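Q: Shown below is the structure under consideration.
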Amino acid sequence: MPWADVLTPVRMRRVAVIVPQVALRDALVRVAAIGCVELDSTEEAAPGAAAARLQRLLGHATPTGPNGGTSATLAADPPDLDLLESLRSVALLAGEAQLEERAAGAVRRGEVAALTGWCPADEVSRVADRLAAAGGALVELPFPRGTDPPTLLRPRRSASFRPLVTAYGTPAYADLDLSWPAGLAFVAMFGIMFGDVGHGALLLFGALALRLGRPRRLTRLSRLWPFLAGAAVASMLAGAAYGEFFGPTGLLPVLWLSPLESPGRLLAAAVIFGAGLLAVAHAAGAVNRMREEGWVTALFAVSGYAGLLFYLGVALAAAGLLLRGPPAAVCGAVLAAIGLALMALGLFRATAGEGSGCAGTAVRLFDVVVRTGTNTLSFARLAAFGLTHAALADLVWRGTTGLAGHGAAGVIGAVLLFAGGTALSFGLEALVAGVQALRLEYYELFSRLFDAEGRPFRPWHVPAAGSPDRTTKVIPCSPG
């Protein structure tokens, strides 16, 4: 798969399901079994015969969302609804209720019925083949003007990291799918704050246990085990660089720096690392603005190329001043001024003009300048919480070694202190590092990536029952 496709959502096609009216039910059963077509919703209508019977059985209104709110299946042939009600076959009645709702939204002309919806481009031919067996066809249509397709992020390849993005919001269809980069940034930031080989190994053990389905009450989270494993590996790598193994025990050499001995260097490194992440986020945001609304909007947007030029200029100017390189400082100042001018023009164009527009533009520009500095310095928390983690581990280790020199009782106390202190510091710091990494991800990085919000792709999937030839496994395009 080309890298361009890996970093974009699944390509969608606008489609129409066209079938003879007499074969409409059969075609809908096949579409529901395949589970990769999102049919357009229709205005609410009176419940059909199956929905009315289901309401009587359940005692409340029938959920009629994209996949309904009740576990549902569809019979291969039209069932006897009265018999299903007498047998209390809730699943079959729920499936029939959903089918009735979709059938009611069909456009009928003569002997032909048609429904419109969305389907992943790679699945169009497969769906068309299934419909052909029912005497129908799947026809590709042009995109409706002013309507964006639903967004389906690439399944499997980034399943563990995808919740980071979807918890923030559904990206617009035109935006990049940054699940992998976002996940890697998160685990790197977590590792910097939780840097300890011993603690990272414990976290890796927990990830492997989750992969094996232990404990069972957390089985539903097992798909996130690569996410935890990545965070564990990042923690172990940072711990190796710090020389930390359950604290500064001296069991490992310091490969880079000791947080407690070189806090200034760690602080500077954290800010530089954060500046790099912000530059990448600015670049990705500029690409998103271009894909969403074209070059003109992207050129003048704060989260577009103007913002990227301003940030790179500020970074270059700061580096020139710190390293005493006047040419770099001057060049950076010029780039920052150009970026600021482009942003000012873009912000002014969005106002009513005249004096109020100038005042609003000035306020917004001041906010951009202030946020540029505060967002960059905000990454200093990576070093701050890394120092806190190292200090807590050091405290536990000093107490352990102090007790161990007081006979057998001291050794027992040392073991208890080490176990209890390690558990406490592990749990507290893992929670803090996770929350702080998430905060940096959302407030500093994602705020530059996403301006518009899309809607998730929700295919209609109801498994078929009673006909082996129509029982189809859910394919990867289904987000569920």
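Scheme for the structure tokens: letters A, B, ... for chains in order shown; per-chain residue numbers from 1; ligand numbers from 1 in order shown.
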Considering only C-alpha atoms, return as an MDAnalysis selection string whatever protein or nucleic-acid residues lie within 12 Å of Thr388 of chain A, sequence-local ones (same chain, fewer than 6 positions apart) excluded.

A: chainID A and resid 192:195 247 259:260 263 381:382 394:395 425:426 428:430 432:433

Q: If you keep all heavy atoms, can you produce a file of those selected residues as a CSV table (one decimal), in the first residue's frame?

A:
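Result went into selection15.csv, see below:
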```csv
chain,number,residue,atom,x,y,z
A,192,ILE,N,9.5,9.4,28.1
A,192,ILE,CA,10.4,10.5,28.7
A,192,ILE,C,10.0,10.7,30.2
A,192,ILE,O,10.9,10.9,31.0
A,192,ILE,CB,10.3,11.8,27.9
A,192,ILE,CG1,10.9,11.5,26.5
A,192,ILE,CG2,11.0,12.9,28.6
A,192,ILE,CD1,10.7,12.7,25.5
A,193,MET,N,8.7,10.8,30.5
A,193,MET,CA,8.3,11.1,31.8
A,193,MET,C,8.3,9.8,32.7
A,193,MET,O,8.4,10.0,34.0
A,193,MET,CB,6.8,11.6,31.8
A,193,MET,CG,6.7,13.0,31.2
A,193,MET,SD,5.0,13.7,31.3
A,193,MET,CE,4.3,12.8,29.9
A,194,PHE,N,8.3,8.6,32.1
A,194,PHE,CA,8.2,7.4,32.9
A,194,PHE,C,9.5,6.6,32.7
A,194,PHE,O,9.5,5.3,32.7
A,194,PHE,CB,7.0,6.6,32.5
A,194,PHE,CG,6.5,5.6,33.5
A,194,PHE,CD1,6.0,5.9,34.7
A,194,PHE,CD2,6.6,4.2,33.1
A,194,PHE,CE1,5.6,4.9,35.6
A,194,PHE,CE2,6.2,3.2,34.0
A,194,PHE,CZ,5.7,3.6,35.2
A,195,GLY,N,10.6,7.2,32.5
A,195,GLY,CA,11.8,6.5,32.1
A,195,GLY,C,12.4,5.7,33.2
A,195,GLY,O,13.0,6.3,34.1
A,247,GLY,N,14.8,3.0,39.8
A,247,GLY,CA,15.4,4.2,40.4
A,247,GLY,C,16.9,4.2,40.2
A,247,GLY,O,17.5,3.3,39.4
A,259,PRO,N,18.6,12.3,35.3
A,259,PRO,CA,17.7,13.4,35.6
A,259,PRO,C,18.0,14.2,36.8
A,259,PRO,O,17.9,15.5,36.8
A,259,PRO,CB,16.3,12.7,35.6
A,259,PRO,CG,16.5,11.5,34.9
A,259,PRO,CD,17.9,11.0,35.1
A,260,LEU,N,18.3,13.6,37.9
A,260,LEU,CA,18.5,14.3,39.2
A,260,LEU,C,19.9,15.1,39.2
A,260,LEU,O,20.0,16.0,39.9
A,260,LEU,CB,18.5,13.3,40.3
A,260,LEU,CG,17.2,12.6,40.5
A,260,LEU,CD1,17.3,11.6,41.7
A,260,LEU,CD2,16.1,13.6,40.8
A,263,PRO,N,19.3,18.3,35.6
A,263,PRO,CA,17.9,18.7,35.3
A,263,PRO,C,17.8,19.8,34.2
A,263,PRO,O,16.9,19.8,33.4
A,263,PRO,CB,17.4,19.3,36.6
A,263,PRO,CG,18.6,19.6,37.4
A,263,PRO,CD,19.7,18.7,36.9
A,381,ARG,N,7.1,20.2,30.8
A,381,ARG,CA,6.5,19.3,31.7
A,381,ARG,C,7.1,17.8,31.5
A,381,ARG,O,7.0,17.0,32.4
A,381,ARG,CB,5.0,19.3,31.7
A,381,ARG,CG,4.4,18.7,30.4
A,381,ARG,CD,2.9,18.9,30.4
A,381,ARG,NE,2.6,20.4,30.3
A,381,ARG,CZ,1.7,20.9,31.0
A,381,ARG,NH1,1.0,20.2,31.9
A,381,ARG,NH2,1.4,22.2,30.9
A,382,LEU,N,7.5,17.5,30.3
A,382,LEU,CA,8.2,16.2,30.1
A,382,LEU,C,9.3,16.0,31.0
A,382,LEU,O,9.5,15.0,31.6
A,382,LEU,CB,8.6,16.1,28.6
A,382,LEU,CG,7.5,16.1,27.6
A,382,LEU,CD1,8.1,16.0,26.2
A,382,LEU,CD2,6.5,15.0,27.8
A,394,ASP,N,14.1,7.3,43.6
A,394,ASP,CA,15.3,7.5,44.4
A,394,ASP,C,15.0,7.5,45.9
A,394,ASP,O,15.7,6.9,46.7
A,394,ASP,CB,16.0,8.8,44.0
A,394,ASP,CG,17.2,9.1,44.8
A,394,ASP,OD1,18.2,8.3,44.7
A,394,ASP,OD2,17.3,10.1,45.6
A,395,LEU,N,13.9,8.1,46.2
A,395,LEU,CA,13.4,8.1,47.6
A,395,LEU,C,13.2,6.7,48.1
A,395,LEU,O,13.6,6.3,49.2
A,395,LEU,CB,12.2,9.0,47.8
A,395,LEU,CG,11.6,9.1,49.2
A,395,LEU,CD1,12.7,9.8,50.1
A,395,LEU,CD2,10.3,9.9,49.2
A,425,SER,N,4.7,4.4,43.5
A,425,SER,CA,5.3,5.3,42.6
A,425,SER,C,4.9,4.8,41.1
A,425,SER,O,4.7,5.7,40.3
A,425,SER,CB,6.8,5.3,42.8
A,425,SER,OG,7.4,4.1,42.5
A,426,PHE,N,4.9,3.5,40.9
A,426,PHE,CA,4.5,3.0,39.6
A,426,PHE,C,3.1,3.5,39.2
A,426,PHE,O,2.9,4.0,38.1
A,426,PHE,CB,4.6,1.5,39.5
A,426,PHE,CG,4.2,0.9,38.2
A,426,PHE,CD1,5.2,0.7,37.2
A,426,PHE,CD2,2.9,0.5,38.0
A,426,PHE,CE1,4.8,0.1,36.0
A,426,PHE,CE2,2.5,0.0,36.8
A,426,PHE,CZ,3.5,-0.2,35.8
A,428,LEU,N,1.1,5.8,40.6
A,428,LEU,CA,1.0,7.3,40.5
A,428,LEU,C,1.6,7.9,39.3
A,428,LEU,O,1.0,8.7,38.6
A,428,LEU,CB,1.5,7.9,41.8
A,428,LEU,CG,1.5,9.4,41.9
A,428,LEU,CD1,0.0,9.9,42.0
A,428,LEU,CD2,2.2,9.9,43.2
A,429,GLU,N,2.8,7.5,39.0
A,429,GLU,CA,3.6,8.1,37.9
A,429,GLU,C,3.0,7.7,36.6
A,429,GLU,O,3.0,8.4,35.6
A,429,GLU,CB,5.1,7.9,38.0
A,429,GLU,CG,5.7,8.6,39.1
A,429,GLU,CD,5.6,10.1,39.0
A,429,GLU,OE1,5.8,10.6,37.9
A,429,GLU,OE2,5.3,10.8,40.0
A,430,ALA,N,2.6,6.4,36.5
A,430,ALA,CA,2.0,6.0,35.2
A,430,ALA,C,0.7,6.8,34.9
A,430,ALA,O,0.5,7.2,33.7
A,430,ALA,CB,1.7,4.5,35.3
A,432,VAL,N,0.0,9.8,36.0
A,432,VAL,CA,0.4,11.2,35.8
A,432,VAL,C,1.0,11.3,34.4
A,432,VAL,O,0.6,12.2,33.6
A,432,VAL,CB,1.3,11.7,36.8
A,432,VAL,CG1,1.9,13.1,36.4
A,432,VAL,CG2,0.6,11.9,38.2
A,433,ALA,N,1.9,10.4,34.0
A,433,ALA,CA,2.5,10.5,32.7
A,433,ALA,C,1.5,10.3,31.6
A,433,ALA,O,1.6,11.0,30.6
A,433,ALA,CB,3.6,9.4,32.6
```

Q: So that I can check the surroundings of Pro142 of chain A, please list as a PyMOL selection string every protein, DNA and RNA residue that reaches within 12 Å of it, counting only C-alpha atoms and ignoring chain neighbours fewer than 4 positions away.

A: chain A and resi 12-16+116-118+146-149

Q: Write to file, as a short mmCIF file (atom, residue, chain, number, x, y, z; two decimals), in the first residue's frame, the residues of the selection just made, with N, CA and C atoms.

A:
```
data_model
loop_
_atom_site.label_atom_id
_atom_site.label_comp_id
_atom_site.auth_asym_id
_atom_site.auth_seq_id
_atom_site.Cartn_x
_atom_site.Cartn_y
_atom_site.Cartn_z
N MET A 12 -13.86 6.74 -0.07
CA MET A 12 -15.28 6.41 -0.14
C MET A 12 -15.84 6.68 -1.53
N ARG A 13 -16.90 5.97 -1.86
CA ARG A 13 -17.64 6.18 -3.09
C ARG A 13 -19.11 6.39 -2.77
N ARG A 14 -19.70 7.35 -3.45
CA ARG A 14 -21.15 7.56 -3.37
C ARG A 14 -21.80 6.52 -4.29
N VAL A 15 -22.72 5.74 -3.76
CA VAL A 15 -23.29 4.63 -4.53
C VAL A 15 -24.81 4.64 -4.43
N ALA A 16 -25.41 3.98 -5.40
CA ALA A 16 -26.85 3.74 -5.38
C ALA A 16 -27.09 2.24 -5.55
N THR A 116 -29.60 5.17 -1.77
CA THR A 116 -28.27 5.75 -1.90
C THR A 116 -27.50 5.61 -0.60
N GLY A 117 -26.18 5.68 -0.71
CA GLY A 117 -25.35 5.56 0.49
C GLY A 117 -23.88 5.70 0.14
N TRP A 118 -23.05 5.21 1.05
CA TRP A 118 -21.60 5.30 0.91
C TRP A 118 -20.99 3.91 1.06
N GLY A 146 -21.46 20.03 -1.51
CA GLY A 146 -21.60 20.53 -0.15
C GLY A 146 -21.69 19.46 0.91
N THR A 147 -21.51 18.20 0.52
CA THR A 147 -21.59 17.09 1.47
C THR A 147 -20.27 16.34 1.49
N ASP A 148 -19.70 16.15 2.67
CA ASP A 148 -18.47 15.39 2.80
C ASP A 148 -18.79 13.93 3.05
N PRO A 149 -18.01 13.02 2.49
CA PRO A 149 -18.20 11.59 2.78
C PRO A 149 -17.91 11.30 4.24
#
```

Q: Among segment 49-152 of chain A, which ones does DSSP assign to alpha helix (DSSP H) (computed from the backbone)? Answer as an MDAnalysis selection string.

A: chainID A and resid 49:58 81:86 90:104 124:132

Q: If you measure from atom CA of Gly59 of chain A to atom CA of Pro79 of chain A, what distance in Å do you get, rounded to one decimal?

A: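 So the two atoms, atom CA of Gly59 of chain A and atom CA of Pro79 of chain A, lie 21.8 Å apart.
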
Q: Using Å and a single decimal, report how far atom CA of Val139 of chain A sits from atom CA of Leu74 of chain A.

A: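 The value is 24.5 Å.
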
Q: Which residue is closest to Ala464 of chain A? Choose from A:Asp40, A:Ala269, A:Gly95, A:Tyr442 and count only C-alpha atoms.

A: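 Using only C-alpha atoms, the shortest distance to Ala464 of chain A belongs to A:Gly95.
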
Q: Extract, using only C-alpha atoms, all DNA, RNA and protein residues at most 12 Å from Val254 of chain A, discarding same-chain residues fewer than 4 positions from it, and format them as a PyMOL selection string.

A: chain A and resi 196-197+237-245+247-250+258-262

Q: Smallest atom-to-atom distance to Ala275 of chain A: which of A:Tyr305, A:Tyr168, A:Phe379, A:Phe300, using only C-alpha atoms?

A: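 Of all the options, A:Phe379 lies closest to Ala275 of chain A.
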